[in-house]
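**Q** Attaching a single structure in structure tokens format; questions to follow.
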Amino acid sequence: MIVNSESVETTQKLAKTLAQIVTPGTTILLHGDLGAGKTTFTQGFARALGIKRPVKSPTFTLVREYQTPDFMLYHLDVYRLGEEGGADDLGLAEYFNASSVSLVEWSEYIQADLPSDVLNVTLTRTDTYDKIDQRKIEVTAAGSHSQQILNQLEQTYGLDN
């Protein structure tokens with residue numbers, strides 16, 4: 001699924017739609033360069049789940065935890081592990097379980113800890129000199145659980161939300 005976003009609002013609308021259909025046990029990997037919109041996507045996702053406190057990138061804490069009415073939401077930003085290493089001793093795999101939802105930025109640094117069933121959200125800046133906040137957002141799935149969520153997202157995105 002590909003969405004061309006021309007604003008923060010459109011990016012967060014996709015995140016909101018996804019948040020409304022995810023179920024516990026879902027892991028979402030957010031891919032993109034610095035400034036691509038990974039945290040903006042996560043903010044829209046968390047807001048749709050009723051998270052009222054500010055959602056910031058956990059770059060220095062690695063993980064931020066949020067309680068939703070239905071499950072724990074974990075937001076991981078493991079960028080620093082790419083520079084410093086040390087992921088092996090952190091027990092990050094425990095954040096990927098059947099009773100929570102996890103969003104992971106810079107997942108390439110913790111490949112060994114990730115489940116095989118994941119949604120991939122790739123954000124690519126497509127700004128031009130006269131239009132900023134342009135993004136191409138591609139959502140793909142690996143695994144049956146994630147494929148079911150992607151199928152539902154494709155059916156519901158853009159339908160009056």
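The chains in the structure tokens are called A, B, ... from first to last as shown; in each chain the residues are counted from 1, and the ligands are counted from 1 in the order shown.
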Using only C-alpha atoms, which residues sit within 9 Å of Lys136 of chain A once same-chain residues fewer than 4 positions away are excluded, as a PyMOL selection string?

**A** chain A and resi 2-6+122-126

**Q** Generate a file of the selected residues that holds N, CA, C and O atoms, formatted as a PDB file, in the first residue's frame.

**A**
ATOM      1  N   ILE A   2       0.589   2.179  -0.871  1.00  0.00           N
ATOM      2  CA  ILE A   2       1.361   3.423  -0.944  1.00  0.00           C
ATOM      3  C   ILE A   2       0.416   4.606  -0.770  1.00  0.00           C
ATOM      4  O   ILE A   2      -0.636   4.678  -1.409  1.00  0.00           O
ATOM      5  N   VAL A   3       0.805   5.525   0.119  1.00  0.00           N
ATOM      6  CA  VAL A   3       0.059   6.756   0.341  1.00  0.00           C
ATOM      7  C   VAL A   3       1.012   7.907   0.091  1.00  0.00           C
ATOM      8  O   VAL A   3       2.122   7.929   0.615  1.00  0.00           O
ATOM      9  N   ASN A   4       0.596   8.860  -0.727  1.00  0.00           N
ATOM     10  CA  ASN A   4       1.371  10.071  -0.934  1.00  0.00           C
ATOM     11  C   ASN A   4       0.795  11.142  -0.018  1.00  0.00           C
ATOM     12  O   ASN A   4      -0.352  11.544  -0.170  1.00  0.00           O
ATOM     13  N   SER A   5       1.602  11.556   0.943  1.00  0.00           N
ATOM     14  CA  SER A   5       1.163  12.517   1.951  1.00  0.00           C
ATOM     15  C   SER A   5       1.726  13.895   1.630  1.00  0.00           C
ATOM     16  O   SER A   5       2.906  14.028   1.333  1.00  0.00           O
ATOM     17  N   GLU A   6       0.869  14.878   1.735  1.00  0.00           N
ATOM     18  CA  GLU A   6       1.301  16.254   1.498  1.00  0.00           C
ATOM     19  C   GLU A   6       1.265  17.091   2.767  1.00  0.00           C
ATOM     20  O   GLU A   6       1.422  18.303   2.713  1.00  0.00           O
ATOM     21  N   THR A 122       7.423   2.519   5.621  1.00  0.00           N
ATOM     22  CA  THR A 122       8.591   3.237   5.117  1.00  0.00           C
ATOM     23  C   THR A 122       8.165   4.638   4.704  1.00  0.00           C
ATOM     24  O   THR A 122       7.293   4.803   3.847  1.00  0.00           O
ATOM     25  N   LEU A 123       8.775   5.634   5.323  1.00  0.00           N
ATOM     26  CA  LEU A 123       8.479   7.033   5.033  1.00  0.00           C
ATOM     27  C   LEU A 123       9.652   7.638   4.272  1.00  0.00           C
ATOM     28  O   LEU A 123      10.796   7.585   4.740  1.00  0.00           O
ATOM     29  N   THR A 124       9.369   8.203   3.119  1.00  0.00           N
ATOM     30  CA  THR A 124      10.397   8.800   2.279  1.00  0.00           C
ATOM     31  C   THR A 124      10.014  10.239   1.968  1.00  0.00           C
ATOM     32  O   THR A 124       8.901  10.493   1.475  1.00  0.00           O
ATOM     33  N   ARG A 125      10.911  11.151   2.274  1.00  0.00           N
ATOM     34  CA  ARG A 125      10.641  12.573   1.954  1.00  0.00           C
ATOM     35  C   ARG A 125      10.674  12.760   0.439  1.00  0.00           C
ATOM     36  O   ARG A 125      11.595  12.290  -0.226  1.00  0.00           O
ATOM     37  N   THR A 126       9.681  13.453  -0.072  1.00  0.00           N
ATOM     38  CA  THR A 126       9.623  13.755  -1.500  1.00  0.00           C
ATOM     39  C   THR A 126       9.421  15.257  -1.709  1.00  0.00           C
ATOM     40  O   THR A 126       8.821  15.681  -2.689  1.00  0.00           O
TER      41      THR A 126
END

**Q** Residues near segment 112-115 of chain A, anyone? I mean within 8 Å using only C-alpha atoms, not counting same-chain ones fewer than 6 positions away, as a PyMOL selection string.

**A** chain A and resi 27+92-93+96

**Q** Can you tell me, as a PyMOL selection string, which residues in segment 88-158 of chain A count as strand (DSSP E) by DSSP?

**A** chain A and resi 100-105+118-125+135-142

**Q** Those same residues - C-alpha atoms - I'd like them written as an mmCIF file, in the first residue's frame.

**A**
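Generated output (out-v7.cif):
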data_model
loop_
_atom_site.group_PDB
_atom_site.id
_atom_site.type_symbol
_atom_site.label_atom_id
_atom_site.label_comp_id
_atom_site.auth_asym_id
_atom_site.auth_seq_id
_atom_site.Cartn_x
_atom_site.Cartn_y
_atom_site.Cartn_z
ATOM 1 C CA SER A 100 1.258 -5.419 23.367
ATOM 2 C CA VAL A 101 1.812 -3.322 20.249
ATOM 3 C CA SER A 102 5.297 -2.058 19.436
ATOM 4 C CA LEU A 103 6.485 0.641 17.060
ATOM 5 C CA VAL A 104 10.216 0.518 16.320
ATOM 6 C CA GLU A 105 12.390 3.194 14.751
ATOM 7 C CA VAL A 118 5.816 -7.411 11.206
ATOM 8 C CA LEU A 119 4.280 -4.449 9.437
ATOM 9 C CA ASN A 120 6.822 -2.240 7.675
ATOM 10 C CA VAL A 121 6.046 1.459 7.300
ATOM 11 C CA THR A 122 8.591 3.237 5.117
ATOM 12 C CA LEU A 123 8.479 7.033 5.033
ATOM 13 C CA THR A 124 10.397 8.800 2.279
ATOM 14 C CA ARG A 125 10.641 12.573 1.954
ATOM 15 C CA ARG A 135 6.099 12.038 1.935
ATOM 16 C CA LYS A 136 5.675 8.728 0.201
ATOM 17 C CA ILE A 137 4.516 6.204 2.786
ATOM 18 C CA GLU A 138 4.664 2.543 1.883
ATOM 19 C CA VAL A 139 3.133 -0.110 4.128
ATOM 20 C CA THR A 140 4.038 -3.771 3.605
ATOM 21 C CA ALA A 141 3.555 -6.902 5.670
ATOM 22 C CA ALA A 142 5.587 -9.977 6.535
#

**Q** From the options A:Gly44, A:Asp117, A:Ser99, A:Leu49, which residue's atoms come nearest to Leu150 of chain A, counting only C-alpha atoms?

**A** A:Asp117

**Q** Any idea what's packed within 12 Å of Pro54 of chain A, counting only C-alpha atoms, ignoring anything in its chain fewer than 2 positions away? Could you give it as number ranges by chain?

**A** A: 39-40, 42-44, 46-47, 50-52, 56-58, 64-66
